[in-house]
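Raw model-v8.cif, mmCIF, C-alpha atoms and all ligand atoms:
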data_entry
#
loop_
_atom_site.label_atom_id
_atom_site.label_comp_id
_atom_site.auth_asym_id
_atom_site.auth_seq_id
_atom_site.Cartn_x
_atom_site.Cartn_y
_atom_site.Cartn_z
CA MET A 1441 0.00 0.00 0.00
CA LYS A 1442 2.73 2.39 1.10
CA LYS A 1443 4.82 1.51 -1.97
CA LEU A 1444 1.86 2.12 -4.26
CA PHE A 1445 1.21 5.46 -2.62
CA VAL A 1446 4.83 6.58 -3.13
CA LEU A 1447 4.70 5.46 -6.74
CA ALA A 1448 1.48 7.39 -7.32
CA LEU A 1449 3.00 10.46 -5.69
CA LEU A 1450 6.08 10.21 -7.89
CA GLY A 1451 3.83 9.92 -10.90
CA ILE A 1452 1.93 13.04 -9.98
CA MET A 1453 5.18 14.91 -9.41
CA ALA A 1454 6.56 13.83 -12.78
CA PHE A 1455 3.35 14.90 -14.49
CA ALA A 1456 3.38 18.26 -12.72
CA THR A 1457 6.99 18.88 -13.77
CA PHE A 1458 6.13 17.91 -17.33
CA THR A 1459 3.12 20.20 -17.62
CA CYS A 1460 5.01 23.08 -15.98
CA SER A 1461 7.89 22.88 -18.40
CA ALA A 1462 5.45 22.45 -21.29
CA ALA A 1463 3.80 25.70 -20.21
CA GLN A 1464 7.21 27.39 -20.25
CA LYS A 1465 7.75 27.18 -23.99
CA VAL A 1466 10.65 29.39 -25.00
CA LEU A 1467 10.48 31.87 -27.87
CA ARG A 1468 14.01 32.54 -29.16
CA VAL A 1469 14.09 36.05 -30.55
CA GLY A 1470 16.93 37.62 -32.53
CA THR A 1471 17.54 41.35 -32.89
CA GLU A 1472 20.21 43.79 -34.08
CA PRO A 1473 20.14 46.29 -31.22
CA THR A 1474 21.55 49.53 -32.67
CA PHE A 1475 18.19 50.82 -33.82
CA ALA A 1476 16.70 53.04 -31.14
CA PRO A 1477 13.89 53.48 -30.25
CA PHE A 1478 12.97 50.02 -31.60
CA GLU A 1479 15.87 47.99 -30.19
CA PHE A 1480 18.96 49.05 -28.31
CA THR A 1481 20.78 48.15 -25.11
CA ASN A 1482 20.62 50.13 -21.87
CA GLU A 1483 23.49 50.64 -19.40
CA GLN A 1484 22.76 47.27 -17.83
CA GLY A 1485 23.12 45.63 -21.23
CA GLU A 1486 19.42 44.74 -21.42
CA PHE A 1487 17.54 44.81 -24.71
CA VAL A 1488 15.09 47.72 -24.62
CA GLY A 1489 12.85 49.54 -27.08
CA PHE A 1490 9.43 49.35 -28.70
CA ASP A 1491 10.05 46.06 -30.52
CA MET A 1492 11.54 44.48 -27.40
CA ASP A 1493 8.54 45.44 -25.23
CA LEU A 1494 6.09 44.40 -27.93
CA ILE A 1495 7.63 41.00 -28.66
CA ARG A 1496 7.90 40.26 -24.92
CA ALA A 1497 4.24 41.20 -24.45
CA MET A 1498 3.18 39.12 -27.47
CA GLY A 1499 5.22 36.15 -26.29
CA LYS A 1500 3.73 36.38 -22.80
CA GLU A 1501 0.22 36.63 -24.26
CA ALA A 1502 0.83 33.50 -26.35
CA GLY A 1503 2.33 31.59 -23.39
CA TYR A 1504 6.04 31.84 -24.15
CA LYS A 1505 9.10 32.73 -22.15
CA VAL A 1506 10.89 35.22 -24.42
CA GLU A 1507 14.68 35.01 -24.75
CA ILE A 1508 16.39 37.68 -26.85
CA GLN A 1509 19.81 37.47 -28.50
CA ASN A 1510 21.96 39.85 -30.55
CA ILE A 1511 22.41 38.84 -34.21
CA GLY A 1512 23.80 40.96 -37.06
CA PHE A 1513 21.01 42.37 -39.21
CA ASP A 1514 22.08 40.45 -42.32
CA GLY A 1515 22.21 37.26 -40.25
CA LEU A 1516 18.65 37.44 -38.93
CA ILE A 1517 16.80 35.91 -41.87
CA PRO A 1518 19.29 33.04 -42.27
CA ALA A 1519 18.96 32.42 -38.50
CA VAL A 1520 15.16 32.21 -38.85
CA GLN A 1521 15.46 29.94 -41.88
CA SER A 1522 17.81 27.55 -40.10
CA ASN A 1523 15.74 27.61 -36.86
CA ILE A 1524 18.57 29.08 -34.77
CA ILE A 1525 15.93 31.58 -33.66
CA ASP A 1526 12.14 31.40 -33.81
CA CYS A 1527 11.56 35.04 -34.58
CA ALA A 1528 13.39 38.16 -35.78
CA ALA A 1529 12.22 41.32 -34.03
CA SER A 1530 14.33 44.03 -35.53
CA GLY A 1531 12.39 46.86 -37.15
CA MET A 1532 12.30 44.66 -40.20
CA THR A 1533 10.43 45.95 -43.21
CA ILE A 1534 8.04 43.52 -44.88
CA THR A 1535 9.38 43.24 -48.43
CA GLU A 1536 8.52 40.97 -51.33
CA ALA A 1537 12.02 39.49 -51.46
CA ARG A 1538 12.08 38.67 -47.73
CA SER A 1539 8.53 37.29 -47.85
CA LYS A 1540 9.76 34.62 -50.25
CA VAL A 1541 11.99 33.11 -47.56
CA VAL A 1542 10.28 33.94 -44.24
CA THR A 1543 6.72 34.59 -43.10
CA PHE A 1544 6.02 37.96 -41.56
CA SER A 1545 3.52 38.65 -38.81
CA ASN A 1546 0.80 41.15 -39.54
CA PRO A 1547 2.33 44.64 -39.77
CA TYR A 1548 2.92 46.34 -36.41
CA TYR A 1549 4.44 49.70 -37.35
CA THR A 1550 4.53 52.01 -40.38
CA ALA A 1551 7.87 53.69 -41.10
CA GLY A 1552 9.81 54.75 -44.21
CA LEU A 1553 13.30 55.86 -45.16
CA LEU A 1554 14.79 59.30 -44.68
CA VAL A 1555 18.10 60.98 -45.61
CA MET A 1556 20.23 62.40 -42.79
CA VAL A 1557 23.16 64.80 -43.31
CA ARG A 1558 25.24 67.14 -41.18
CA LYS A 1559 23.58 70.43 -40.26
CA ASP A 1560 26.26 72.40 -42.11
CA ASN A 1561 25.58 70.55 -45.37
CA LYS A 1562 24.25 72.98 -47.99
CA ASP A 1563 23.93 70.94 -51.18
CA ILE A 1564 21.91 67.88 -50.16
CA LYS A 1565 18.26 68.83 -49.86
CA SER A 1566 16.68 65.52 -50.85
CA TYR A 1567 17.35 61.97 -52.03
CA ALA A 1568 17.86 63.24 -55.61
CA ASP A 1569 20.88 65.27 -54.46
CA LEU A 1570 22.80 62.14 -53.41
CA LYS A 1571 24.23 61.70 -56.92
CA GLY A 1572 28.02 61.76 -56.67
CA LYS A 1573 27.98 61.73 -52.85
CA ASN A 1574 29.38 59.30 -50.31
CA ILE A 1575 26.54 57.41 -48.67
CA ALA A 1576 26.55 55.30 -45.52
CA CYS A 1577 23.96 52.68 -44.53
CA GLN A 1578 23.48 49.51 -42.51
CA ILE A 1579 24.23 46.23 -44.21
CA GLY A 1580 21.27 44.19 -45.43
CA THR A 1581 18.68 46.92 -44.88
CA THR A 1582 16.16 48.58 -47.16
CA GLY A 1583 18.30 51.67 -46.58
CA GLU A 1584 21.20 49.87 -48.24
CA ASN A 1585 19.06 49.10 -51.31
CA LYS A 1586 17.98 52.72 -51.54
CA SER A 1587 21.58 53.90 -51.07
CA ARG A 1588 22.80 51.72 -53.92
CA ALA A 1589 20.07 53.09 -56.20
CA ALA A 1590 20.93 56.73 -55.47
CA GLY A 1591 23.75 57.14 -58.00
CA GLY A 1592 26.28 58.07 -55.35
CA LYS A 1593 30.04 58.13 -55.68
CA SER A 1594 30.35 55.46 -52.98
CA VAL A 1595 28.13 53.39 -50.73
CA THR A 1596 29.54 51.95 -47.53
CA ALA A 1597 27.43 49.43 -45.62
CA TYR A 1598 28.23 49.03 -41.92
CA ASN A 1599 27.40 46.17 -39.60
CA THR A 1600 25.60 48.41 -37.14
CA ASN A 1601 23.33 51.35 -37.67
CA VAL A 1602 25.26 53.37 -35.07
CA GLU A 1603 28.47 53.10 -37.15
CA ALA A 1604 26.67 54.25 -40.31
CA CYS A 1605 25.31 57.34 -38.55
CA MET A 1606 28.72 58.03 -37.01
CA GLU A 1607 30.23 58.37 -40.50
CA VAL A 1608 27.94 61.35 -41.14
CA VAL A 1609 28.71 62.88 -37.75
CA ASN A 1610 32.47 62.71 -38.33
CA GLY A 1611 32.31 63.65 -42.01
CA THR A 1612 33.49 60.41 -43.61
CA ALA A 1613 30.12 60.12 -45.36
CA ASP A 1614 27.91 62.90 -46.74
CA ALA A 1615 24.64 61.19 -45.92
CA VAL A 1616 23.06 58.15 -44.33
CA ILE A 1617 19.77 56.58 -45.43
CA ASN A 1618 17.93 55.26 -42.43
CA ASP A 1619 14.42 54.63 -41.12
CA ALA A 1620 12.62 57.90 -40.34
CA PRO A 1621 11.66 57.18 -36.70
CA VAL A 1622 15.26 56.12 -36.00
CA VAL A 1623 16.57 59.35 -37.57
CA ALA A 1624 14.10 61.39 -35.49
CA PHE A 1625 15.30 59.67 -32.32
CA TYR A 1626 18.98 60.07 -33.27
CA LEU A 1627 18.62 63.82 -33.88
CA LYS A 1628 17.60 64.22 -30.24
CA THR A 1629 20.68 62.43 -28.88
CA PRO A 1630 24.04 64.17 -28.21
CA ALA A 1631 25.61 62.33 -31.20
CA GLY A 1632 22.93 63.67 -33.53
CA LYS A 1633 22.92 67.30 -32.44
CA ASN A 1634 24.93 68.42 -35.48
CA CYS A 1635 22.77 66.46 -37.94
CA LYS A 1636 19.47 67.09 -39.71
CA SER A 1637 17.09 65.19 -41.97
CA VAL A 1638 16.40 66.42 -45.49
CA GLY A 1639 13.53 65.84 -47.92
CA ASP A 1640 10.45 63.70 -47.41
CA ILE A 1641 10.06 60.11 -46.27
CA LEU A 1642 10.94 58.11 -49.38
CA GLU A 1643 8.02 55.66 -49.22
CA ALA A 1644 6.00 53.97 -46.51
CA GLU A 1645 7.40 50.69 -45.14
CA GLU A 1646 5.62 48.31 -42.79
CA TYR A 1647 7.47 46.43 -40.07
CA GLY A 1648 6.72 42.80 -39.29
CA PHE A 1649 8.17 40.08 -37.07
CA ALA A 1650 9.78 37.35 -39.18
CA PHE A 1651 9.19 33.62 -38.62
CA ASN A 1652 10.21 30.37 -40.24
CA LYS A 1653 7.75 29.50 -43.02
CA ASN A 1654 7.10 26.10 -41.42
CA ASN A 1655 6.09 27.56 -38.04
CA VAL A 1656 2.45 27.93 -39.03
CA GLN A 1657 0.96 27.52 -35.53
CA LEU A 1658 3.44 29.94 -33.92
CA ILE A 1659 2.68 32.59 -36.55
CA LYS A 1660 -1.06 32.16 -35.91
CA ASP A 1661 -0.55 32.43 -32.14
CA MET A 1662 1.62 35.52 -32.43
CA ASN A 1663 -0.77 37.30 -34.80
CA LYS A 1664 -3.57 36.53 -32.38
CA ALA A 1665 -1.48 37.94 -29.51
CA LEU A 1666 -0.73 41.09 -31.52
CA ALA A 1667 -4.43 41.58 -32.25
CA THR A 1668 -5.26 41.14 -28.55
CA LEU A 1669 -2.65 43.73 -27.49
CA LYS A 1670 -3.97 46.17 -30.10
CA LYS A 1671 -7.50 45.69 -28.80
CA ASN A 1672 -6.79 45.82 -25.06
CA GLY A 1673 -4.75 49.03 -25.13
CA GLU A 1674 -1.37 47.42 -24.37
CA TYR A 1675 -0.01 48.23 -27.86
CA ASP A 1676 -1.08 51.88 -27.49
CA LYS A 1677 0.62 52.07 -24.11
CA LEU A 1678 3.90 50.85 -25.58
CA TYR A 1679 3.53 53.17 -28.56
CA ALA A 1680 3.06 56.15 -26.25
CA LYS A 1681 6.02 55.05 -24.12
CA TRP A 1682 8.46 55.06 -27.05
CA PHE A 1683 7.11 57.59 -29.55
CA ASN A 1684 5.74 60.48 -27.48
N1 LIG B 1701 13.61 48.70 -41.72
C1 LIG B 1701 14.87 48.47 -42.31
C2 LIG B 1701 14.92 47.11 -42.95
O1 LIG B 1701 14.10 46.30 -42.71
C3 LIG B 1701 16.01 48.61 -41.32
C4 LIG B 1701 15.95 47.74 -40.13
C5 LIG B 1701 17.20 47.77 -39.28
N2 LIG B 1701 16.98 47.18 -38.02
C6 LIG B 1701 17.88 47.08 -37.04
N3 LIG B 1701 17.51 46.57 -35.91
N4 LIG B 1701 19.10 47.46 -37.22
O2 LIG B 1701 15.80 46.80 -43.70
#

Translate this file's structure into structure tokens.
Amino acid sequence: MKKLFVLALLGIMAFATFTCSAAQKVLRVGTEPTFAPFEFTNEQGEFVGFDMDLIRAMGKEAGYKVEIQNIGFDGLIPAVQSNIIDCAASGMTITEARSKVVTFSNPYYTAGLLVMVRKDNKDIKSYADLKGKNIACQIGTTGENKSRAAGGKSVTAYNTNVEACMEVVNGTADAVINDAPVVAFYLKTPAGKNCKSVGDILEAEEYGFAFNKNNVQLIKDMNKALATLKKNGEYDKLYAKWFN
């Protein structure tokens, strides 16, 4: 009797452990964190920003423990494809080319590209004026594509967005092409105080979270979570936190 009781108890304990760990599914998220206010690191080295808050909230809503790691921007899609991460949360624009190899969540933010130059620059007033200029951008981004199409004298693609912007600050590059909300944020930082944006937003771009094409259930769950957060006011709260 006693033996049976102990066995039953052990069984219950094993089952409890199993269900607990099953409830603690992990969502492995990759990001390139030099893209404030969407993703950057604070003094404690934690990943912070709109995307980071949103993906954590979505993960929580869908029942996941969210773990975030730093991956170079041009390495994010390959990492999703090879299942090294489950999701790329990195201010990533939904494009036709990318949609061929990954599945994006429903759009969660509307942005667009903008040209940034030094304040003392007199001859670049818009994208059209980049002909013959030295342009900086971040590798693998829509900004890089736009830079290469601008007819510049040179295009240099940097691993991080911070490096690309730095080239404008210190005069190595005439202009950087970067996402408009990131430019706006940068202009308010000490590093950006001698910079300005010129011209209009080039065209609207929608951000999405990228998933492996085979992860059909996860994509469904995450879209459902996003819709819930949009409905219950949580999305608006995060938006106000980072963009007001
Ligand atoms: N939206 C642009 C793109 O998708 C730039 C994204 C850069 N993101 C980053 N975390 N560095 O190409």

Practice problem: Please identify all polymer residues within 9 Å of Ile1511 (chain A), counting only C-alpha atoms, omitting same-chain residues fewer than 6 positions from it, and present them as number ranges by chain. | Solution: A: 1470-1473, 1519

Each side padded by 8 Å, which centre and which edge lengths in Å (one decimal) define the axis-aligned box around the listed atoms of ligand LIG 1701 (chain B)? Give them as lines of an AutoDock Vina configuration file.
center_x = 16.4
center_y = 47.5
center_z = -39.8
size_x = 21.5
size_y = 18.4
size_z = 23.8

Self-check item: At most 9 Å from ligand LIG 1701 (chain B) (only C-alpha atoms and all ligand atoms): residue list as a VMD selection string
Solution: chain A and resid 1471 to 1476 1478 to 1480 1512 to 1513 1529 to 1535 1551 to 1553 1578 to 1585 1599 to 1602 1618 to 1619 1645 to 1648

Between region 1457-1573 of chain A and region 1665-1674 of chain A, at 9 Å or less, what are the per-residue closest atom pairs and their distances in Å? Count only C-alpha atoms, order by chain and rising residue number, and return it as a tab-separated table.
residue	atom	partner	partner_atom	distance
A:Leu1494	CA	A:Leu1666	CA	8.4
A:Ile1495	CA	A:Leu1666	CA	8.8
A:Ala1497	CA	A:Leu1669	CA	7.9
A:Met1498	CA	A:Ala1665	CA	5.2
A:Gly1499	CA	A:Ala1665	CA	7.6
A:Lys1500	CA	A:Ala1665	CA	8.6
A:Glu1501	CA	A:Ala1665	CA	5.7
A:Ala1502	CA	A:Ala1665	CA	5.9
A:Ser1545	CA	A:Leu1666	CA	8.8
A:Asn1546	CA	A:Leu1666	CA	8.2
A:Tyr1548	CA	A:Leu1666	CA	8.0

For the selection just defined, write its residues with C-alpha atoms to a file, as a tab-separated table (two decimals), in the frame of the given file.
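Everything below was put into selection05.tsv:
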chain	number	residue	atom	x	y	z
A	1494	LEU	CA	6.09	44.40	-27.93
A	1495	ILE	CA	7.63	41.00	-28.66
A	1497	ALA	CA	4.24	41.20	-24.45
A	1498	MET	CA	3.18	39.12	-27.47
A	1499	GLY	CA	5.22	36.15	-26.29
A	1500	LYS	CA	3.73	36.38	-22.80
A	1501	GLU	CA	0.22	36.63	-24.26
A	1502	ALA	CA	0.83	33.50	-26.35
A	1545	SER	CA	3.52	38.65	-38.81
A	1546	ASN	CA	0.80	41.15	-39.54
A	1548	TYR	CA	2.92	46.34	-36.41

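Minimum atom-to-atom distance to Asn1574 (chain A), evaluated using all atoms listed in the file, belongs to A:Gly1592 out of A:Pro1621, A:Gly1592, A:Gly1639, A:Pro1518.
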
Quiz item: Of the residues A:Ala1680, A:Ile1517, A:Ile1564, A:Cys1577, which is the one nearest to Ala1537 (chain A), using all atoms listed in the file?
Solution: A:Ile1517

Exercise. Go through A:Asn1634, A:Asn1663, A:Asn1684, A:Thr1481 one by one, measure the shortest atom-to-atom distance of each to Val1609 (chain A) using only C-alpha atoms, and give the residue with the smallest value.
Key: A:Asn1634

Quiz item: So, counting only C-alpha atoms, which residue among A:Leu1467, A:Val1638, A:Asp1563, A:Lys1586 is closest to Ala1528 (chain A)?
Solution: A:Leu1467

Quiz item: Using all atoms listed in the file, which of the listed residues (A:Val1656, A:Ala1590, A:Met1556, A:Cys1527) sits closest to Leu1627 (chain A)?
Solution: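 Of all the options, A:Met1556 lies closest to Leu1627 (chain A).
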
Quiz item: What is the distance between CA of Asn1654 (chain A) and CA of Arg1538 (chain A), in Å to one decimal?
Solution: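 So the two atoms, CA of Asn1654 (chain A) and CA of Arg1538 (chain A), lie 14.9 Å apart.
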
Quiz item: Neighbours of Lys1633 (chain A) within 12 Å (all atoms listed in the file; same-chain residues fewer than 5 positions away dropped), as a PyMOL selection string?
Solution: chain A and resi 1556-1560+1605-1606+1608-1609+1623-1628

Exercise. Counting all atoms listed in the file, figure out which residue out of A:Ile1525, A:Ala1613, A:Ala1589, A:Ala1620 gets nearest to Val1466 (chain A).
Key: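 Checking each candidate against Val1466 (chain A), we get A:Ile1525 as the closest.
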
Practice problem: Quote the spacing between CA of Asn1482 (chain A) and CA of Leu1678 (chain A) in Å to one decimal place. | Solution: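 That distance, rounded to one decimal, is 17.1 Å.
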
Quiz item: In Å, how far is it from CA of Tyr1504 (chain A) to CA of Gln1464 (chain A)?
Solution: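 Between these atoms lies a distance of 6.0 Å.
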
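Neighbourhood of point (24.3, 56.5, -45.1): residues with an atom at most 6 Å away, counting only C-alpha atoms, are A:Ile1575, A:Ala1576, A:Cys1577, A:Ala1604, A:Ala1615, A:Val1616, A:Ile1617.
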
Supply region 1502-1538 of chain A as a PDB file, keeping the file's coordinate frame, with N, CA and C atoms built in where the input has gaps.
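Result file follows (part.pdb):
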ATOM      1  N   ALA A1502       0.960  34.798 -25.672  1.00  0.00           N
ATOM      2  CA  ALA A1502       0.830  33.500 -26.350  1.00  0.00           C
ATOM      3  C   ALA A1502       1.385  32.347 -25.510  1.00  0.00           C
ATOM      4  N   GLY A1503       1.873  32.643 -24.291  1.00  0.00           N
ATOM      5  CA  GLY A1503       2.330  31.590 -23.390  1.00  0.00           C
ATOM      6  C   GLY A1503       3.793  31.208 -23.521  1.00  0.00           C
ATOM      7  N   TYR A1504       4.618  32.131 -23.989  1.00  0.00           N
ATOM      8  CA  TYR A1504       6.040  31.840 -24.150  1.00  0.00           C
ATOM      9  C   TYR A1504       6.898  32.622 -23.180  1.00  0.00           C
ATOM     10  N   LYS A1505       8.038  32.028 -22.852  1.00  0.00           N
ATOM     11  CA  LYS A1505       9.100  32.730 -22.150  1.00  0.00           C
ATOM     12  C   LYS A1505      10.004  33.278 -23.251  1.00  0.00           C
ATOM     13  N   VAL A1506      10.159  34.594 -23.313  1.00  0.00           N
ATOM     14  CA  VAL A1506      10.890  35.220 -24.420  1.00  0.00           C
ATOM     15  C   VAL A1506      12.369  35.384 -24.066  1.00  0.00           C
ATOM     16  N   GLU A1507      13.233  34.850 -24.923  1.00  0.00           N
ATOM     17  CA  GLU A1507      14.680  35.010 -24.750  1.00  0.00           C
ATOM     18  C   GLU A1507      15.243  35.726 -25.976  1.00  0.00           C
ATOM     19  N   ILE A1508      15.933  36.842 -25.735  1.00  0.00           N
ATOM     20  CA  ILE A1508      16.390  37.680 -26.850  1.00  0.00           C
ATOM     21  C   ILE A1508      17.909  37.590 -26.999  1.00  0.00           C
ATOM     22  N   GLN A1509      18.370  37.472 -28.238  1.00  0.00           N
ATOM     23  CA  GLN A1509      19.810  37.470 -28.500  1.00  0.00           C
ATOM     24  C   GLN A1509      20.171  38.435 -29.630  1.00  0.00           C
ATOM     25  N   ASN A1510      21.425  38.885 -29.595  1.00  0.00           N
ATOM     26  CA  ASN A1510      21.960  39.850 -30.550  1.00  0.00           C
ATOM     27  C   ASN A1510      22.504  39.112 -31.785  1.00  0.00           C
ATOM     28  N   ILE A1511      21.952  39.451 -32.947  1.00  0.00           N
ATOM     29  CA  ILE A1511      22.410  38.840 -34.210  1.00  0.00           C
ATOM     30  C   ILE A1511      22.560  39.966 -35.231  1.00  0.00           C
ATOM     31  N   GLY A1512      23.614  39.937 -36.033  1.00  0.00           N
ATOM     32  CA  GLY A1512      23.800  40.960 -37.060  1.00  0.00           C
ATOM     33  C   GLY A1512      22.591  41.026 -37.977  1.00  0.00           C
ATOM     34  N   PHE A1513      22.265  42.231 -38.458  1.00  0.00           N
ATOM     35  CA  PHE A1513      21.010  42.370 -39.210  1.00  0.00           C
ATOM     36  C   PHE A1513      20.960  41.432 -40.414  1.00  0.00           C
ATOM     37  N   ASP A1514      22.081  41.312 -41.125  1.00  0.00           N
ATOM     38  CA  ASP A1514      22.080  40.450 -42.320  1.00  0.00           C
ATOM     39  C   ASP A1514      22.089  38.967 -41.964  1.00  0.00           C
ATOM     40  N   GLY A1515      22.238  38.650 -40.679  1.00  0.00           N
ATOM     41  CA  GLY A1515      22.210  37.260 -40.250  1.00  0.00           C
ATOM     42  C   GLY A1515      20.853  36.828 -39.707  1.00  0.00           C
ATOM     43  N   LEU A1516      19.939  37.757 -39.576  1.00  0.00           N
ATOM     44  CA  LEU A1516      18.650  37.440 -38.930  1.00  0.00           C
ATOM     45  C   LEU A1516      17.793  36.483 -39.756  1.00  0.00           C
ATOM     46  N   ILE A1517      17.651  36.778 -41.042  1.00  0.00           N
ATOM     47  CA  ILE A1517      16.800  35.910 -41.870  1.00  0.00           C
ATOM     48  C   ILE A1517      17.395  34.507 -42.008  1.00  0.00           C
ATOM     49  N   PRO A1518      18.707  34.394 -42.281  1.00  0.00           N
ATOM     50  CA  PRO A1518      19.290  33.040 -42.270  1.00  0.00           C
ATOM     51  C   PRO A1518      19.084  32.313 -40.934  1.00  0.00           C
ATOM     52  N   ALA A1519      19.152  33.049 -39.816  1.00  0.00           N
ATOM     53  CA  ALA A1519      18.960  32.420 -38.500  1.00  0.00           C
ATOM     54  C   ALA A1519      17.523  31.918 -38.330  1.00  0.00           C
ATOM     55  N   VAL A1520      16.566  32.656 -38.877  1.00  0.00           N
ATOM     56  CA  VAL A1520      15.160  32.210 -38.850  1.00  0.00           C
ATOM     57  C   VAL A1520      14.998  30.983 -39.740  1.00  0.00           C
ATOM     58  N   GLN A1521      15.590  31.047 -40.920  1.00  0.00           N
ATOM     59  CA  GLN A1521      15.460  29.940 -41.880  1.00  0.00           C
ATOM     60  C   GLN A1521      16.044  28.647 -41.342  1.00  0.00           C
ATOM     61  N   SER A1522      17.147  28.764 -40.584  1.00  0.00           N
ATOM     62  CA  SER A1522      17.810  27.550 -40.100  1.00  0.00           C
ATOM     63  C   SER A1522      17.374  27.215 -38.670  1.00  0.00           C
ATOM     64  N   ASN A1523      16.317  27.887 -38.185  1.00  0.00           N
ATOM     65  CA  ASN A1523      15.740  27.610 -36.860  1.00  0.00           C
ATOM     66  C   ASN A1523      16.708  27.812 -35.708  1.00  0.00           C
ATOM     67  N   ILE A1524      17.687  28.696 -35.886  1.00  0.00           N
ATOM     68  CA  ILE A1524      18.570  29.080 -34.770  1.00  0.00           C
ATOM     69  C   ILE A1524      17.784  30.001 -33.850  1.00  0.00           C
ATOM     70  N   ILE A1525      16.892  30.794 -34.438  1.00  0.00           N
ATOM     71  CA  ILE A1525      15.930  31.580 -33.660  1.00  0.00           C
ATOM     72  C   ILE A1525      14.529  31.296 -34.215  1.00  0.00           C
ATOM     73  N   ASP A1526      13.521  31.607 -33.379  1.00  0.00           N
ATOM     74  CA  ASP A1526      12.140  31.400 -33.810  1.00  0.00           C
ATOM     75  C   ASP A1526      11.571  32.646 -34.480  1.00  0.00           C
ATOM     76  N   CYS A1527      12.174  33.788 -34.161  1.00  0.00           N
ATOM     77  CA  CYS A1527      11.560  35.040 -34.580  1.00  0.00           C
ATOM     78  C   CYS A1527      12.616  36.143 -34.663  1.00  0.00           C
ATOM     79  N   ALA A1528      12.546  36.959 -35.701  1.00  0.00           N
ATOM     80  CA  ALA A1528      13.390  38.160 -35.780  1.00  0.00           C
ATOM     81  C   ALA A1528      12.512  39.362 -35.458  1.00  0.00           C
ATOM     82  N   ALA A1529      12.931  40.102 -34.438  1.00  0.00           N
ATOM     83  CA  ALA A1529      12.220  41.320 -34.030  1.00  0.00           C
ATOM     84  C   ALA A1529      13.221  42.446 -34.145  1.00  0.00           C
ATOM     85  N   SER A1530      13.205  43.143 -35.278  1.00  0.00           N
ATOM     86  CA  SER A1530      14.330  44.030 -35.530  1.00  0.00           C
ATOM     87  C   SER A1530      13.980  45.188 -36.472  1.00  0.00           C
ATOM     88  N   GLY A1531      12.803  45.757 -36.284  1.00  0.00           N
ATOM     89  CA  GLY A1531      12.390  46.860 -37.150  1.00  0.00           C
ATOM     90  C   GLY A1531      12.440  46.449 -38.606  1.00  0.00           C
ATOM     91  N   MET A1532      12.100  45.197 -38.853  1.00  0.00           N
ATOM     92  CA  MET A1532      12.300  44.660 -40.200  1.00  0.00           C
ATOM     93  C   MET A1532      11.119  44.971 -41.109  1.00  0.00           C
ATOM     94  N   THR A1533      11.443  45.592 -42.231  1.00  0.00           N
ATOM     95  CA  THR A1533      10.430  45.950 -43.210  1.00  0.00           C
ATOM     96  C   THR A1533       9.940  44.705 -43.946  1.00  0.00           C
ATOM     97  N   ILE A1534       8.633  44.616 -44.103  1.00  0.00           N
ATOM     98  CA  ILE A1534       8.040  43.520 -44.880  1.00  0.00           C
ATOM     99  C   ILE A1534       8.276  43.825 -46.349  1.00  0.00           C
ATOM    100  N   THR A1535       9.120  43.043 -46.995  1.00  0.00           N
ATOM    101  CA  THR A1535       9.380  43.240 -48.430  1.00  0.00           C
ATOM    102  C   THR A1535       9.018  41.959 -49.179  1.00  0.00           C
ATOM    103  N   GLU A1536       8.851  42.113 -50.482  1.00  0.00           N
ATOM    104  CA  GLU A1536       8.520  40.970 -51.330  1.00  0.00           C
ATOM    105  C   GLU A1536       9.632  39.929 -51.288  1.00  0.00           C
ATOM    106  N   ALA A1537      10.881  40.408 -51.423  1.00  0.00           N
ATOM    107  CA  ALA A1537      12.020  39.490 -51.460  1.00  0.00           C
ATOM    108  C   ALA A1537      12.120  38.693 -50.154  1.00  0.00           C
ATOM    109  N   ARG A1538      11.990  39.368 -49.020  1.00  0.00           N
ATOM    110  CA  ARG A1538      12.080  38.670 -47.730  1.00  0.00           C
ATOM    111  C   ARG A1538      10.894  37.716 -47.532  1.00  0.00           C
TER     112      ARG A1538
END
